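**Q** Sharing start28.txt, compact mmCIF, C-alpha atoms and all ligand atoms:
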# COMPACT_ATOMS: atom_id res chain seq x y z
CA MET A 1066 -14.77 -12.65 28.92
CA THR A 1067 -17.94 -10.87 27.83
CA GLU A 1068 -18.83 -9.42 24.46
CA THR A 1069 -18.11 -5.95 25.87
CA ASP A 1070 -14.49 -7.00 26.60
CA ILE A 1071 -13.96 -7.84 22.95
CA LYS A 1072 -12.06 -5.26 20.93
CA LYS A 1073 -13.88 -5.40 17.62
CA GLY A 1074 -11.35 -5.19 14.79
CA LEU A 1075 -8.57 -5.53 17.41
CA ALA A 1076 -8.86 -1.74 17.83
CA GLY A 1077 -6.30 -0.52 20.34
CA VAL A 1078 -4.92 -4.03 20.97
CA VAL A 1079 -1.13 -4.41 21.03
CA VAL A 1080 -0.39 -7.89 19.64
CA ASP A 1081 3.43 -7.99 19.40
CA VAL A 1082 6.58 -5.88 19.34
CA THR A 1083 8.29 -4.60 16.19
CA SER A 1084 11.50 -2.67 15.56
CA ILE A 1085 10.64 -1.79 11.96
CA SER A 1086 8.47 1.31 12.33
CA LYS A 1087 6.79 3.43 14.98
CA VAL A 1088 3.47 5.15 14.32
CA ASN A 1089 2.88 7.81 16.96
CA PRO A 1090 -0.55 9.48 16.73
CA GLU A 1091 0.22 11.79 19.71
CA THR A 1092 3.18 13.45 17.98
CA ASN A 1093 1.79 12.73 14.51
CA SER A 1094 5.04 11.06 13.55
CA LEU A 1095 6.16 7.98 11.68
CA LEU A 1096 9.65 6.55 12.11
CA TYR A 1097 11.21 3.84 9.93
CA ARG A 1098 13.89 2.19 12.08
CA GLY A 1099 14.10 5.45 14.06
CA TYR A 1100 14.28 7.87 11.10
CA PRO A 1101 11.39 10.33 10.47
CA VAL A 1102 9.71 9.32 7.23
CA GLN A 1103 9.58 12.87 5.88
CA ASP A 1104 13.39 13.15 6.27
CA LEU A 1105 13.88 9.83 4.48
CA ALA A 1106 11.56 11.06 1.71
CA ALA A 1107 13.61 14.26 1.38
CA ARG A 1108 17.10 12.74 1.50
CA CYS A 1109 16.99 9.09 0.44
CA SER A 1110 16.22 7.01 -2.61
CA PHE A 1111 13.54 4.34 -2.36
CA GLU A 1112 16.27 1.72 -2.76
CA GLU A 1113 18.01 3.07 0.38
CA VAL A 1114 14.74 2.98 2.30
CA ALA A 1115 14.13 -0.63 1.23
CA TYR A 1116 17.61 -1.52 2.50
CA LEU A 1117 16.88 0.29 5.78
CA LEU A 1118 13.62 -1.59 6.32
CA TRP A 1119 15.22 -4.97 5.63
CA HIS A 1120 18.54 -4.48 7.44
CA GLY A 1121 17.74 -1.95 10.18
CA GLU A 1122 20.41 0.55 9.06
CA LEU A 1123 20.88 2.80 6.03
CA PRO A 1124 23.34 1.27 3.54
CA THR A 1125 26.92 2.34 3.02
CA GLU A 1126 27.78 3.26 -0.57
CA ALA A 1127 29.15 -0.23 -1.19
CA GLU A 1128 26.11 -1.94 0.37
CA LEU A 1129 23.76 0.16 -1.73
CA ALA A 1130 25.74 -0.51 -4.90
CA ALA A 1131 25.61 -4.27 -4.24
CA GLN A 1132 21.85 -4.18 -3.63
CA ASN A 1133 21.28 -2.00 -6.72
CA ASP A 1134 23.31 -4.37 -8.91
CA ALA A 1135 21.27 -7.35 -7.68
CA GLU A 1136 17.96 -5.50 -8.08
CA ARG A 1137 18.71 -4.21 -11.58
CA ALA A 1138 19.85 -7.67 -12.71
CA GLN A 1139 16.54 -9.24 -11.67
CA ARG A 1140 14.04 -6.76 -13.10
CA THR A 1141 13.01 -8.85 -16.09
CA LEU A 1142 9.97 -11.05 -15.49
CA PRO A 1143 10.41 -14.77 -16.16
CA ASP A 1144 8.61 -15.77 -19.42
CA GLY A 1145 6.20 -17.93 -17.40
CA VAL A 1146 5.07 -14.88 -15.44
CA VAL A 1147 4.58 -12.78 -18.60
CA ASP A 1148 2.56 -15.64 -20.12
CA VAL A 1149 0.27 -15.91 -17.10
CA ILE A 1150 -0.32 -12.14 -16.96
CA THR A 1151 -1.06 -12.12 -20.68
CA SER A 1152 -3.59 -14.92 -20.20
CA LEU A 1153 -5.60 -12.99 -17.59
CA PRO A 1154 -8.65 -11.09 -18.82
CA THR A 1155 -8.35 -7.30 -18.85
CA THR A 1156 -11.74 -7.23 -17.13
CA CYS A 1157 -10.11 -8.38 -13.88
CA HIS A 1158 -8.80 -5.86 -11.39
CA PRO A 1159 -5.05 -5.07 -11.61
CA MET A 1160 -4.75 -6.14 -7.95
CA ASP A 1161 -5.84 -9.62 -9.08
CA VAL A 1162 -3.01 -9.54 -11.61
CA CYS A 1163 -0.53 -8.50 -8.91
CA ARG A 1164 -1.75 -11.23 -6.56
CA THR A 1165 -1.56 -13.87 -9.28
CA ALA A 1166 1.84 -12.67 -10.52
CA VAL A 1167 3.38 -12.91 -7.04
CA SER A 1168 1.99 -16.42 -6.71
CA VAL A 1169 3.53 -17.40 -10.07
CA ILE A 1170 6.83 -15.66 -9.24
CA GLY A 1171 6.86 -17.79 -6.07
CA ALA A 1172 6.22 -20.95 -8.04
CA HIS A 1173 9.21 -20.12 -10.26
CA ASP A 1174 11.50 -19.15 -7.35
CA PRO A 1175 14.12 -21.85 -6.72
CA ALA A 1176 14.35 -20.77 -3.05
CA ALA A 1177 10.55 -20.63 -2.54
CA GLU A 1178 10.54 -23.19 0.29
CA ASP A 1179 13.82 -22.07 1.91
CA PRO A 1180 12.94 -20.19 5.13
CA SER A 1181 16.53 -19.12 5.96
CA PRO A 1182 17.11 -15.37 6.53
CA GLU A 1183 19.48 -15.26 3.51
CA ALA A 1184 16.89 -16.85 1.19
CA SER A 1185 14.10 -14.64 2.58
CA LEU A 1186 16.14 -11.53 1.89
CA ALA A 1187 16.95 -12.73 -1.64
CA LYS A 1188 13.25 -13.45 -2.32
CA SER A 1189 12.26 -10.04 -0.93
CA LEU A 1190 14.73 -8.32 -3.24
CA ARG A 1191 13.47 -10.32 -6.24
CA LEU A 1192 9.87 -9.28 -5.54
CA PHE A 1193 10.99 -5.67 -5.08
CA ALA A 1194 12.81 -5.89 -8.43
CA GLN A 1195 9.99 -7.60 -10.36
CA LEU A 1196 6.78 -5.98 -9.09
CA PRO A 1197 7.37 -2.76 -11.10
CA ALA A 1198 7.47 -4.85 -14.29
CA VAL A 1199 4.21 -6.57 -13.29
CA VAL A 1200 2.41 -3.28 -12.58
CA ALA A 1201 3.80 -1.48 -15.65
CA PHE A 1202 3.14 -4.35 -18.06
CA ASP A 1203 -0.42 -4.80 -16.78
CA GLN A 1204 -1.30 -1.14 -17.31
CA ARG A 1205 0.25 -1.21 -20.80
CA ARG A 1206 -1.50 -4.38 -21.99
CA ARG A 1207 -4.85 -2.91 -20.91
CA ARG A 1208 -4.09 0.06 -23.19
CA GLY A 1209 -3.17 -2.31 -26.05
CA GLN A 1210 0.55 -1.43 -25.68
CA GLU A 1211 3.57 -3.73 -25.85
CA LEU A 1212 5.67 -4.68 -22.83
CA VAL A 1213 8.62 -2.30 -22.31
CA PRO A 1214 11.66 -4.23 -21.02
CA PRO A 1215 13.50 -2.73 -18.01
CA ARG A 1216 16.65 -0.61 -18.34
CA GLU A 1217 19.54 -1.44 -16.03
CA ASP A 1218 21.03 2.06 -16.34
CA LEU A 1219 18.04 3.64 -14.55
CA GLY A 1220 17.23 3.88 -10.83
CA TYR A 1221 14.14 2.16 -9.42
CA ALA A 1222 11.71 5.09 -9.83
CA GLU A 1223 12.95 6.16 -13.28
CA ASN A 1224 12.85 2.60 -14.56
CA PHE A 1225 9.34 2.00 -13.14
CA LEU A 1226 8.02 5.08 -14.97
CA TYR A 1227 9.99 4.19 -18.11
CA MET A 1228 8.49 0.67 -18.21
CA THR A 1229 4.99 2.13 -17.71
CA PHE A 1230 5.08 5.05 -20.14
CA GLY A 1231 7.90 4.13 -22.54
CA GLU A 1232 9.93 7.23 -21.56
CA VAL A 1233 11.47 8.74 -18.45
CA PRO A 1234 9.42 11.78 -17.39
CA GLU A 1235 10.81 15.07 -16.05
CA LYS A 1236 12.87 15.05 -12.83
CA GLU A 1237 10.03 16.58 -10.73
CA VAL A 1238 7.71 13.75 -11.72
CA VAL A 1239 10.30 11.05 -10.97
CA ARG A 1240 10.97 12.63 -7.60
CA ALA A 1241 7.23 12.87 -6.79
CA PHE A 1242 6.82 9.19 -7.62
CA GLU A 1243 9.83 8.22 -5.51
CA VAL A 1244 8.53 10.18 -2.51
CA SER A 1245 5.20 8.34 -2.78
CA MET A 1246 7.05 5.01 -2.79
CA VAL A 1247 8.96 5.99 0.38
CA LEU A 1248 5.79 7.14 2.16
CA TYR A 1249 3.83 3.99 1.27
CA ALA A 1250 6.62 1.57 2.23
CA GLU A 1251 5.80 0.73 5.84
CA HIS A 1252 3.19 1.39 8.54
CA SER A 1253 3.51 -1.08 11.44
CA PHE A 1254 0.64 -3.54 12.05
CA ASN A 1255 -1.82 -2.34 9.39
CA ALA A 1256 -4.29 -4.94 8.06
CA SER A 1257 -2.16 -6.19 5.14
CA THR A 1258 1.06 -6.41 7.17
CA PHE A 1259 -0.77 -8.21 9.95
CA THR A 1260 -2.16 -10.63 7.36
CA ALA A 1261 1.39 -11.31 6.16
CA ARG A 1262 2.50 -11.94 9.75
CA VAL A 1263 -0.43 -14.30 10.43
CA ILE A 1264 0.44 -16.36 7.34
CA THR A 1265 4.15 -16.37 8.24
CA SER A 1266 3.28 -17.50 11.77
CA THR A 1267 2.06 -20.84 10.37
CA LEU A 1268 5.56 -21.29 8.84
CA ALA A 1269 4.12 -20.87 5.34
CA ASP A 1270 6.46 -19.49 2.65
CA LEU A 1271 7.19 -15.80 2.00
CA HIS A 1272 5.28 -15.62 -1.31
CA SER A 1273 2.11 -17.00 0.34
CA ALA A 1274 2.36 -14.26 2.96
CA VAL A 1275 2.78 -11.54 0.30
CA VAL A 1276 -0.13 -12.93 -1.74
CA GLY A 1277 -2.34 -12.77 1.38
CA ALA A 1278 -1.17 -9.24 2.11
CA ILE A 1279 -2.08 -8.14 -1.42
CA GLY A 1280 -5.59 -9.52 -0.86
CA ALA A 1281 -5.92 -7.52 2.37
CA LEU A 1282 -4.58 -4.35 0.75
CA LYS A 1283 -7.10 -4.49 -2.10
CA GLY A 1284 -10.09 -3.47 0.02
CA PRO A 1285 -11.21 0.18 -0.05
CA LEU A 1286 -10.92 0.52 3.73
CA HIS A 1287 -7.16 -0.05 3.26
CA GLY A 1288 -5.04 0.39 0.10
CA GLY A 1289 -7.99 0.36 -2.29
CA ALA A 1290 -8.83 3.83 -1.01
CA ASN A 1291 -6.27 5.57 -3.25
CA GLU A 1292 -8.16 4.59 -6.39
CA ALA A 1293 -11.52 5.18 -4.64
CA VAL A 1294 -10.41 8.79 -4.00
CA MET A 1295 -9.99 9.31 -7.73
CA ALA A 1296 -13.40 7.75 -8.40
CA THR A 1297 -14.83 10.24 -5.88
CA PHE A 1298 -13.10 13.16 -7.63
CA ASP A 1299 -14.45 11.98 -10.99
CA GLU A 1300 -17.94 11.69 -9.53
CA ILE A 1301 -17.84 15.16 -7.95
CA GLY A 1302 -16.40 16.75 -11.10
CA SER A 1303 -15.36 20.19 -9.80
CA ALA A 1304 -14.76 22.12 -6.58
CA ASP A 1305 -18.09 23.98 -6.71
CA ALA A 1306 -19.97 20.66 -6.50
CA ALA A 1307 -17.93 19.26 -3.57
CA GLU A 1308 -19.98 20.51 -0.60
CA ALA A 1309 -23.33 19.36 -1.98
CA TRP A 1310 -21.81 16.02 -2.98
CA LEU A 1311 -20.45 15.54 0.54
CA GLU A 1312 -23.81 16.40 2.18
CA ASP A 1313 -25.53 13.84 0.04
CA ALA A 1314 -22.87 11.16 0.62
CA LEU A 1315 -22.97 11.65 4.38
CA ALA A 1316 -26.79 11.64 4.36
CA HIS A 1317 -26.54 8.22 2.69
CA LYS A 1318 -24.06 7.11 5.41
CA LYS A 1319 -21.26 6.67 2.87
CA LYS A 1320 -17.64 6.49 3.97
CA ILE A 1321 -15.63 9.22 2.26
CA MET A 1322 -12.59 7.53 0.79
CA GLY A 1323 -9.17 8.91 1.72
CA PHE A 1324 -10.42 10.26 5.08
CA GLY A 1325 -10.03 8.82 8.56
CA HIS A 1326 -7.57 6.36 10.03
CA ARG A 1327 -7.61 3.64 12.67
CA VAL A 1328 -4.54 4.98 14.47
CA TYR A 1329 -4.21 8.67 13.55
CA LYS A 1330 -7.23 10.61 14.75
CA ASN A 1331 -5.61 13.99 14.27
CA GLY A 1332 -4.14 13.71 10.78
CA ASP A 1333 -1.87 11.23 9.01
CA SER A 1334 1.86 11.94 9.50
CA ARG A 1335 2.55 11.33 5.79
CA VAL A 1336 -0.06 13.69 4.35
CA PRO A 1337 1.90 17.00 4.52
CA THR A 1338 4.81 15.49 2.52
CA MET A 1339 2.51 13.89 -0.07
CA LYS A 1340 0.35 17.03 -0.29
CA SER A 1341 3.41 19.13 -1.06
CA VAL A 1342 4.32 16.65 -3.81
CA LEU A 1343 0.76 16.92 -5.15
CA ASP A 1344 1.01 20.73 -5.11
CA ASP A 1345 4.17 20.48 -7.24
CA LEU A 1346 2.43 18.16 -9.69
CA VAL A 1347 -0.65 20.40 -9.88
CA ALA A 1348 1.70 23.28 -10.83
CA HIS A 1349 3.77 21.11 -13.18
CA TYR A 1350 0.73 19.84 -15.11
CA ASP A 1351 -1.16 23.15 -14.74
CA ARG A 1352 -4.22 21.55 -13.12
CA PRO A 1353 -5.37 24.09 -10.49
CA ASP A 1354 -8.91 22.66 -10.82
CA LEU A 1355 -7.75 19.40 -9.23
CA GLY A 1356 -6.00 21.30 -6.42
CA GLU A 1357 -9.19 23.28 -5.73
CA LEU A 1358 -11.35 20.17 -5.62
CA TYR A 1359 -8.88 18.57 -3.20
CA THR A 1360 -8.88 21.57 -0.86
CA THR A 1361 -12.64 22.15 -0.98
CA LEU A 1362 -13.52 18.55 -0.14
CA GLU A 1363 -10.91 18.42 2.62
CA LYS A 1364 -12.25 21.64 4.16
CA ALA A 1365 -15.88 20.51 3.92
CA MET A 1366 -15.04 17.14 5.50
CA GLY A 1367 -13.20 18.93 8.31
CA GLU A 1368 -16.15 21.23 8.99
CA ARG A 1369 -18.83 18.53 8.71
CA LYS A 1370 -17.10 15.58 10.45
CA ASN A 1371 -13.77 16.84 11.77
CA ILE A 1372 -12.11 13.90 9.97
CA LYS A 1373 -8.74 14.44 8.31
CA PRO A 1374 -7.26 12.97 5.12
CA ASN A 1375 -5.02 9.90 5.13
CA LEU A 1376 -2.13 9.24 2.71
CA ASP A 1377 -4.45 7.86 0.04
CA TYR A 1378 -6.15 11.26 -0.35
CA PRO A 1379 -3.17 13.12 -1.89
CA ALA A 1380 -1.67 9.96 -3.43
CA GLY A 1381 -4.72 9.24 -5.63
CA PRO A 1382 -4.75 12.55 -7.54
CA ALA A 1383 -0.91 12.57 -7.62
CA TYR A 1384 -0.84 9.21 -9.43
CA HIS A 1385 -3.58 10.46 -11.75
CA LEU A 1386 -1.49 13.49 -12.71
CA MET A 1387 1.57 11.29 -13.30
CA GLY A 1388 -0.50 9.44 -15.92
CA PHE A 1389 -1.39 6.19 -14.19
CA ASP A 1390 -4.83 4.69 -14.82
CA THR A 1391 -6.95 4.72 -11.66
CA PRO A 1392 -7.09 0.90 -11.19
CA THR A 1393 -3.26 0.86 -11.22
CA PHE A 1394 -3.02 3.01 -8.05
CA THR A 1395 -3.33 0.19 -5.49
CA PRO A 1396 -0.79 -2.00 -7.33
CA LEU A 1397 1.64 0.95 -6.99
CA PHE A 1398 1.02 0.71 -3.23
CA VAL A 1399 1.86 -3.02 -3.47
CA ALA A 1400 5.16 -2.32 -5.24
CA SER A 1401 6.14 -0.02 -2.37
CA ARG A 1402 4.67 -1.91 0.61
CA VAL A 1403 6.31 -5.18 -0.43
CA THR A 1404 9.39 -3.78 1.33
CA GLY A 1405 7.56 -3.32 4.65
CA TRP A 1406 5.67 -6.61 4.30
CA THR A 1407 8.82 -8.62 3.71
CA ALA A 1408 10.64 -6.86 6.58
CA HIS A 1409 7.75 -7.91 8.85
CA ILE A 1410 7.72 -11.44 7.42
CA MET A 1411 11.41 -11.76 8.33
CA GLU A 1412 10.85 -10.23 11.78
CA GLN A 1413 7.91 -12.57 12.47
CA ALA A 1414 9.90 -15.62 11.31
CA ALA A 1415 12.85 -14.68 13.51
CA SER A 1416 10.71 -14.62 16.65
CA ASN A 1417 7.71 -16.72 15.81
CA ALA A 1418 4.59 -17.73 17.70
CA LEU A 1419 1.55 -19.08 15.87
CA ILE A 1420 -1.02 -16.25 15.71
CA ARG A 1421 -4.27 -17.80 16.84
CA PRO A 1422 -6.59 -15.65 18.95
CA LEU A 1423 -9.77 -16.80 20.71
CA SER A 1424 -13.40 -16.00 20.01
CA GLU A 1425 -16.44 -15.81 22.27
CA TYR A 1426 -19.06 -18.29 21.03
CA VAL A 1427 -22.54 -16.74 20.69
CA GLY A 1428 -24.27 -19.43 18.57
CA PRO A 1429 -26.94 -21.92 19.69
CA ASP A 1430 -26.31 -24.05 22.81
CA GLN A 1431 -25.38 -27.68 22.25
CA ARG A 1432 -28.31 -29.51 20.67
CA GLU A 1433 -29.12 -32.87 19.15
CA VAL A 1434 -28.89 -33.52 15.43
CA PRO A 1435 -32.46 -34.49 14.40
CA ALA A 1436 -32.98 -38.00 13.02
CA ARG A 1437 -32.83 -37.99 9.18
CA ALA A 1438 -35.25 -40.09 7.13
C1 LIG A 1501 -3.21 3.70 3.64
C2 LIG A 1501 -4.49 3.34 4.35
O1 LIG A 1501 -4.89 2.21 4.35
S1 LIG A 1501 -5.29 4.57 5.23
C3 LIG A 1501 -7.01 4.10 5.28
C4 LIG A 1501 -7.63 4.18 3.92
N1 LIG A 1501 -9.07 3.96 3.98
C5 LIG A 1501 -9.98 4.92 3.71
O2 LIG A 1501 -9.66 6.04 3.37
C6 LIG A 1501 -11.41 4.50 3.80
C7 LIG A 1501 -12.28 5.53 4.52
N2 LIG A 1501 -12.00 5.54 5.93
C8 LIG A 1501 -12.59 4.65 6.77
O3 LIG A 1501 -13.42 3.83 6.37
C9 LIG A 1501 -12.18 4.67 8.23
O4 LIG A 1501 -11.77 5.95 8.60
C10 LIG A 1501 -11.09 3.64 8.54
C11 LIG A 1501 -11.57 2.23 8.15
C12 LIG A 1501 -9.82 3.95 7.76
C13 LIG A 1501 -10.77 3.68 10.02
O5 LIG A 1501 -11.86 3.20 10.64
P1 LIG A 1501 -12.04 3.06 12.22
O6 LIG A 1501 -10.83 3.32 12.97
O7 LIG A 1501 -12.69 1.74 12.43
O8 LIG A 1501 -12.99 4.24 12.51
P2 LIG A 1501 -14.51 4.13 12.59
O9 LIG A 1501 -15.04 3.46 11.36
O10 LIG A 1501 -14.85 3.54 13.91
O11 LIG A 1501 -14.91 5.65 12.57
C14 LIG A 1501 -15.28 6.42 13.67
C15 LIG A 1501 -16.40 7.36 13.23
O12 LIG A 1501 -15.94 8.19 12.18
C16 LIG A 1501 -16.68 7.96 10.99
N3 LIG A 1501 -15.77 7.91 9.88
C17 LIG A 1501 -14.50 7.46 9.89
N4 LIG A 1501 -13.96 7.58 8.67
C18 LIG A 1501 -14.92 8.09 7.88
C19 LIG A 1501 -14.96 8.43 6.52
N5 LIG A 1501 -13.90 8.24 5.74
N6 LIG A 1501 -16.10 8.93 6.04
C20 LIG A 1501 -17.17 9.13 6.82
N7 LIG A 1501 -17.20 8.83 8.13
C21 LIG A 1501 -16.07 8.31 8.65
C22 LIG A 1501 -17.33 6.59 11.21
O13 LIG A 1501 -18.51 6.48 10.45
C23 LIG A 1501 -17.59 6.60 12.69
O14 LIG A 1501 -18.73 7.39 12.93
P3 LIG A 1501 -19.79 6.96 14.05
O15 LIG A 1501 -19.02 6.96 15.34
O16 LIG A 1501 -20.83 8.00 13.93
O17 LIG A 1501 -20.23 5.58 13.67
O1 LIG A 1502 -1.94 1.79 9.25
C1 LIG A 1502 -3.02 1.53 8.71
O2 LIG A 1502 -3.99 1.00 9.31
C2 LIG A 1502 -3.26 1.85 7.29
C3 LIG A 1502 -2.18 2.68 6.70
O3 LIG A 1502 -2.15 3.89 6.84
C4 LIG A 1502 -1.11 2.01 5.99
O4 LIG A 1502 -1.08 0.78 5.94
O5 LIG A 1502 -0.25 2.72 5.43
Give the structure from the file, written as structure tokens.
**A**
Amino acid sequence: MTETDIKKGLAGVVVDVTSISKVNPETNSLLYRGYPVQDLAARCSFEEVAYLLWHGELPTEAELAAQNDAERAQRTLPDGVVDVITSLPTTCHPMDVCRTAVSVIGAHDPAAEDPSPEASLAKSLRLFAQLPAVVAFDQRRRRGQELVPPREDLGYAENFLYMTFGEVPEKEVVRAFEVSMVLYAEHSFNASTFTARVITSTLADLHSAVVGAIGALKGPLHGGANEAVMATFDEIGSADAAEAWLEDALAHKKKIMGFGHRVYKNGDSRVPTMKSVLDDLVAHYDRPDLGELYTTLEKAMGERKNIKPNLDYPAGPAYHLMGFDTPTFTPLFVASRVTGWTAHIMEQAASNALIRPLSEYVGPDQREVPARA
């Protein structure tokens, strides 16, 4: 093996099989368990998609009702989790709160150390049920607002928005949010999912794997890009400043957040669906200025670098229009992706091999430790 044989960043390396999702850059498609993601986004609730990712099939009415009952009954955060979140400084990033909250939820979980498939599924559902309360409560406390307890009469998306804003917004907004949750749910061996699988491969517990995945998602080259897109929009200000801003950023060798992808080189399969949701929100909130800035930067980036947007590009401004604070955007990604992560954790556990690659040593040759005085 020489250094030239090494695939830096594991680019192009196939490390295992999965039956959870298929990312196909040639056909620009993404399938969850065989179903095109844009069809799932159009026809299914996020709860149905979660069931599909975990079980491999869409639920029957009775199966969905049973999952919904269990999810709705577990939405309230244990007091110990609320206390820990409350004790964290509001200067820390909301992703730190998410990471810490999952760790504390794990510490409170009676089945934390039970690796059986039944217990893993139950823990996955509990995290799915409780992460919205974590994300919503954290945004509220930073605004000096009280915690809003969950409502069992509302679906996942409605309840998430209700706990965040204290009221259920209009149907279009709920639907836009739900579509974003479906699109963010799963994407094969991305960095955070791979992290979760590495941790699971040591036979560590499910919560440890999710905590690690949250850490990997935080970075701006991965999930952190959705909030970085909004920071970029704020910095640019308006469409007429976009081209000059881009020239300057590229001249300074900056990465433009929300553009490019390790696997898709010809456009992200999820972008058309999320862009259409963003268009609806732009119309709903009467913010054509944001739509123009989006289009102008996308066009300029295409002309200058021929690099296309990824899902984070439309998702960032969409979450902004819905009323979320920018640092809350990546935690929203966590609340969705926990479904894909836990599906992968269960798949890895069911067919495990310790993940431990090799490295080519390029340090000093063997040498003697000098005598110490
Ligand atoms: C949901 C998600 O996680 S999607 C990804 C979200 N991340 C982002 O949006 C961050 C911005 N994008 C990027 O940094 C990259 O496109 C990545 C990390 C996503 C993919 O990176 P890689 O597959 O390693 O591509 P790589 O970095 O090799 O890029 C190839 C070339 O395109 C350039 N390029 C890629 N993306 C960008 C970008 N966003 N801005 C400017 N240039 C870019 C690189 O500089 C490189 O140019 P070079 O050959 O002249 O050095
Ligand atoms: O697949 C990737 O590398 C990143 C991504 O789009 C995702 O995780 O949704």
**Q** Write out as JSON lines the residues of chain A that have any atom within 6 Å of an atom of ligand LIG 1502 (chain A), one row each with the nearest atom pair and its distance in Å to one decimal, counting only C-alpha atoms and all ligand atoms, sorted by chain and then rising number.
**A**
{"residue": "A:Tyr1249", "atom": "CA", "partner": "A:LIG1502", "partner_atom": "O5", "distance": 6.0}
{"residue": "A:His1252", "atom": "CA", "partner": "A:LIG1502", "partner_atom": "O5", "distance": 4.8}
{"residue": "A:Asn1255", "atom": "CA", "partner": "A:LIG1502", "partner_atom": "O2", "distance": 4.0}
{"residue": "A:His1287", "atom": "CA", "partner": "A:LIG1502", "partner_atom": "C2", "distance": 5.9}
{"residue": "A:Arg1327", "atom": "CA", "partner": "A:LIG1502", "partner_atom": "O2", "distance": 5.6}
**Q** Just C-alpha atoms for this one: save the residues we selected as a compact mmCIF listing (two decimals), in the frame of the given file.
**A**
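Output saved as result-v4.txt:
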# COMPACT_ATOMS: atom_id res chain seq x y z
CA TYR A 1249 3.83 3.99 1.27
CA HIS A 1252 3.19 1.39 8.54
CA ASN A 1255 -1.82 -2.34 9.39
CA HIS A 1287 -7.16 -0.05 3.26
CA ARG A 1327 -7.61 3.64 12.67
**Q** Would you compute the box with edges along x, y and z of the file around ligand LIG 1501 (chain A), including every atom the file lists for it and 4 Å extra on each side, and give its centre and edge lengths in Å to one decimal, as JSON?
**A**
{"center_x": -12.0, "center_y": 5.4, "center_z": 9.4, "size_x": 25.6, "size_y": 15.4, "size_z": 20.0}
**Q** Per residue of chain A within 8 Å of ligand LIG 1501 (chain A), note the shortest atom pair and the distance in Å to one decimal, counting only C-alpha atoms and all ligand atoms, and order the rows by chain and increasing residue number, as CSV.
**A**
residue,atom,partner,partner_atom,distance
A:Gly1074,CA,A:LIG1501,O7,7.4
A:Ala1076,CA,A:LIG1501,O6,7.3
A:Tyr1249,CA,A:LIG1501,C1,7.4
A:Asn1255,CA,A:LIG1501,O1,7.5
A:Leu1282,CA,A:LIG1501,O1,7.5
A:Pro1285,CA,A:LIG1501,C6,5.8
A:Leu1286,CA,A:LIG1501,N1,3.9
A:His1287,CA,A:LIG1501,O1,3.4
A:Gly1288,CA,A:LIG1501,O1,4.6
A:Gly1289,CA,A:LIG1501,C4,7.3
A:Ala1290,CA,A:LIG1501,O2,5.0
A:Asn1291,CA,A:LIG1501,C4,7.4
A:Val1294,CA,A:LIG1501,O2,7.9
A:Leu1315,CA,A:LIG1501,C20,6.8
A:Lys1318,CA,A:LIG1501,C20,7.3
A:Lys1319,CA,A:LIG1501,C20,6.2
A:Lys1320,CA,A:LIG1501,N6,3.6
A:Ile1321,CA,A:LIG1501,N6,3.8
A:Met1322,CA,A:LIG1501,O2,4.2
A:Gly1323,CA,A:LIG1501,O2,3.3
A:Phe1324,CA,A:LIG1501,N5,4.1
A:Gly1325,CA,A:LIG1501,O4,3.4
A:His1326,CA,A:LIG1501,C12,4.0
A:Arg1327,CA,A:LIG1501,O6,3.2
A:Val1328,CA,A:LIG1501,O6,6.7
A:Lys1370,CA,A:LIG1501,N7,7.1
A:Ile1372,CA,A:LIG1501,N4,6.7
A:Pro1374,CA,A:LIG1501,O2,7.5
A:Asn1375,CA,A:LIG1501,S1,5.3
A:Leu1376,CA,A:LIG1501,C1,5.7
A:Asp1377,CA,A:LIG1501,C1,5.6
A:Tyr1378,CA,A:LIG1501,O2,7.3
**Q** Only C-alpha atoms, please: the residues just picked out, written as a short mmCIF file (atom, residue, chain, number, x, y, z; two decimals), in the frame of the given file.
**A**
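Saved to selection_21.cif:
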data_model
loop_
_atom_site.label_atom_id
_atom_site.label_comp_id
_atom_site.auth_asym_id
_atom_site.auth_seq_id
_atom_site.Cartn_x
_atom_site.Cartn_y
_atom_site.Cartn_z
CA GLY A 1074 -11.35 -5.19 14.79
CA ALA A 1076 -8.86 -1.74 17.83
CA TYR A 1249 3.83 3.99 1.27
CA ASN A 1255 -1.82 -2.34 9.39
CA LEU A 1282 -4.58 -4.35 0.75
CA PRO A 1285 -11.21 0.18 -0.05
CA LEU A 1286 -10.92 0.52 3.73
CA HIS A 1287 -7.16 -0.05 3.26
CA GLY A 1288 -5.04 0.39 0.10
CA GLY A 1289 -7.99 0.36 -2.29
CA ALA A 1290 -8.83 3.83 -1.01
CA ASN A 1291 -6.27 5.57 -3.25
CA VAL A 1294 -10.41 8.79 -4.00
CA LEU A 1315 -22.97 11.65 4.38
CA LYS A 1318 -24.06 7.11 5.41
CA LYS A 1319 -21.26 6.67 2.87
CA LYS A 1320 -17.64 6.49 3.97
CA ILE A 1321 -15.63 9.22 2.26
CA MET A 1322 -12.59 7.53 0.79
CA GLY A 1323 -9.17 8.91 1.72
CA PHE A 1324 -10.42 10.26 5.08
CA GLY A 1325 -10.03 8.82 8.56
CA HIS A 1326 -7.57 6.36 10.03
CA ARG A 1327 -7.61 3.64 12.67
CA VAL A 1328 -4.54 4.98 14.47
CA LYS A 1370 -17.10 15.58 10.45
CA ILE A 1372 -12.11 13.90 9.97
CA PRO A 1374 -7.26 12.97 5.12
CA ASN A 1375 -5.02 9.90 5.13
CA LEU A 1376 -2.13 9.24 2.71
CA ASP A 1377 -4.45 7.86 0.04
CA TYR A 1378 -6.15 11.26 -0.35
#
**Q** Could you give me, as an NGL selection string, the residues within 8 Å of region 1113-1119 of chain A, counting only C-alpha atoms and dropping anything in the same chain fewer than 4 positions from it?
**A** :A and (1085 or 1097-1098 or 1105 or 1109 or 1123-1124 or 1129 or 1132 or 1186 or 1247 or 1250 or 1404-1405 or 1407-1408)
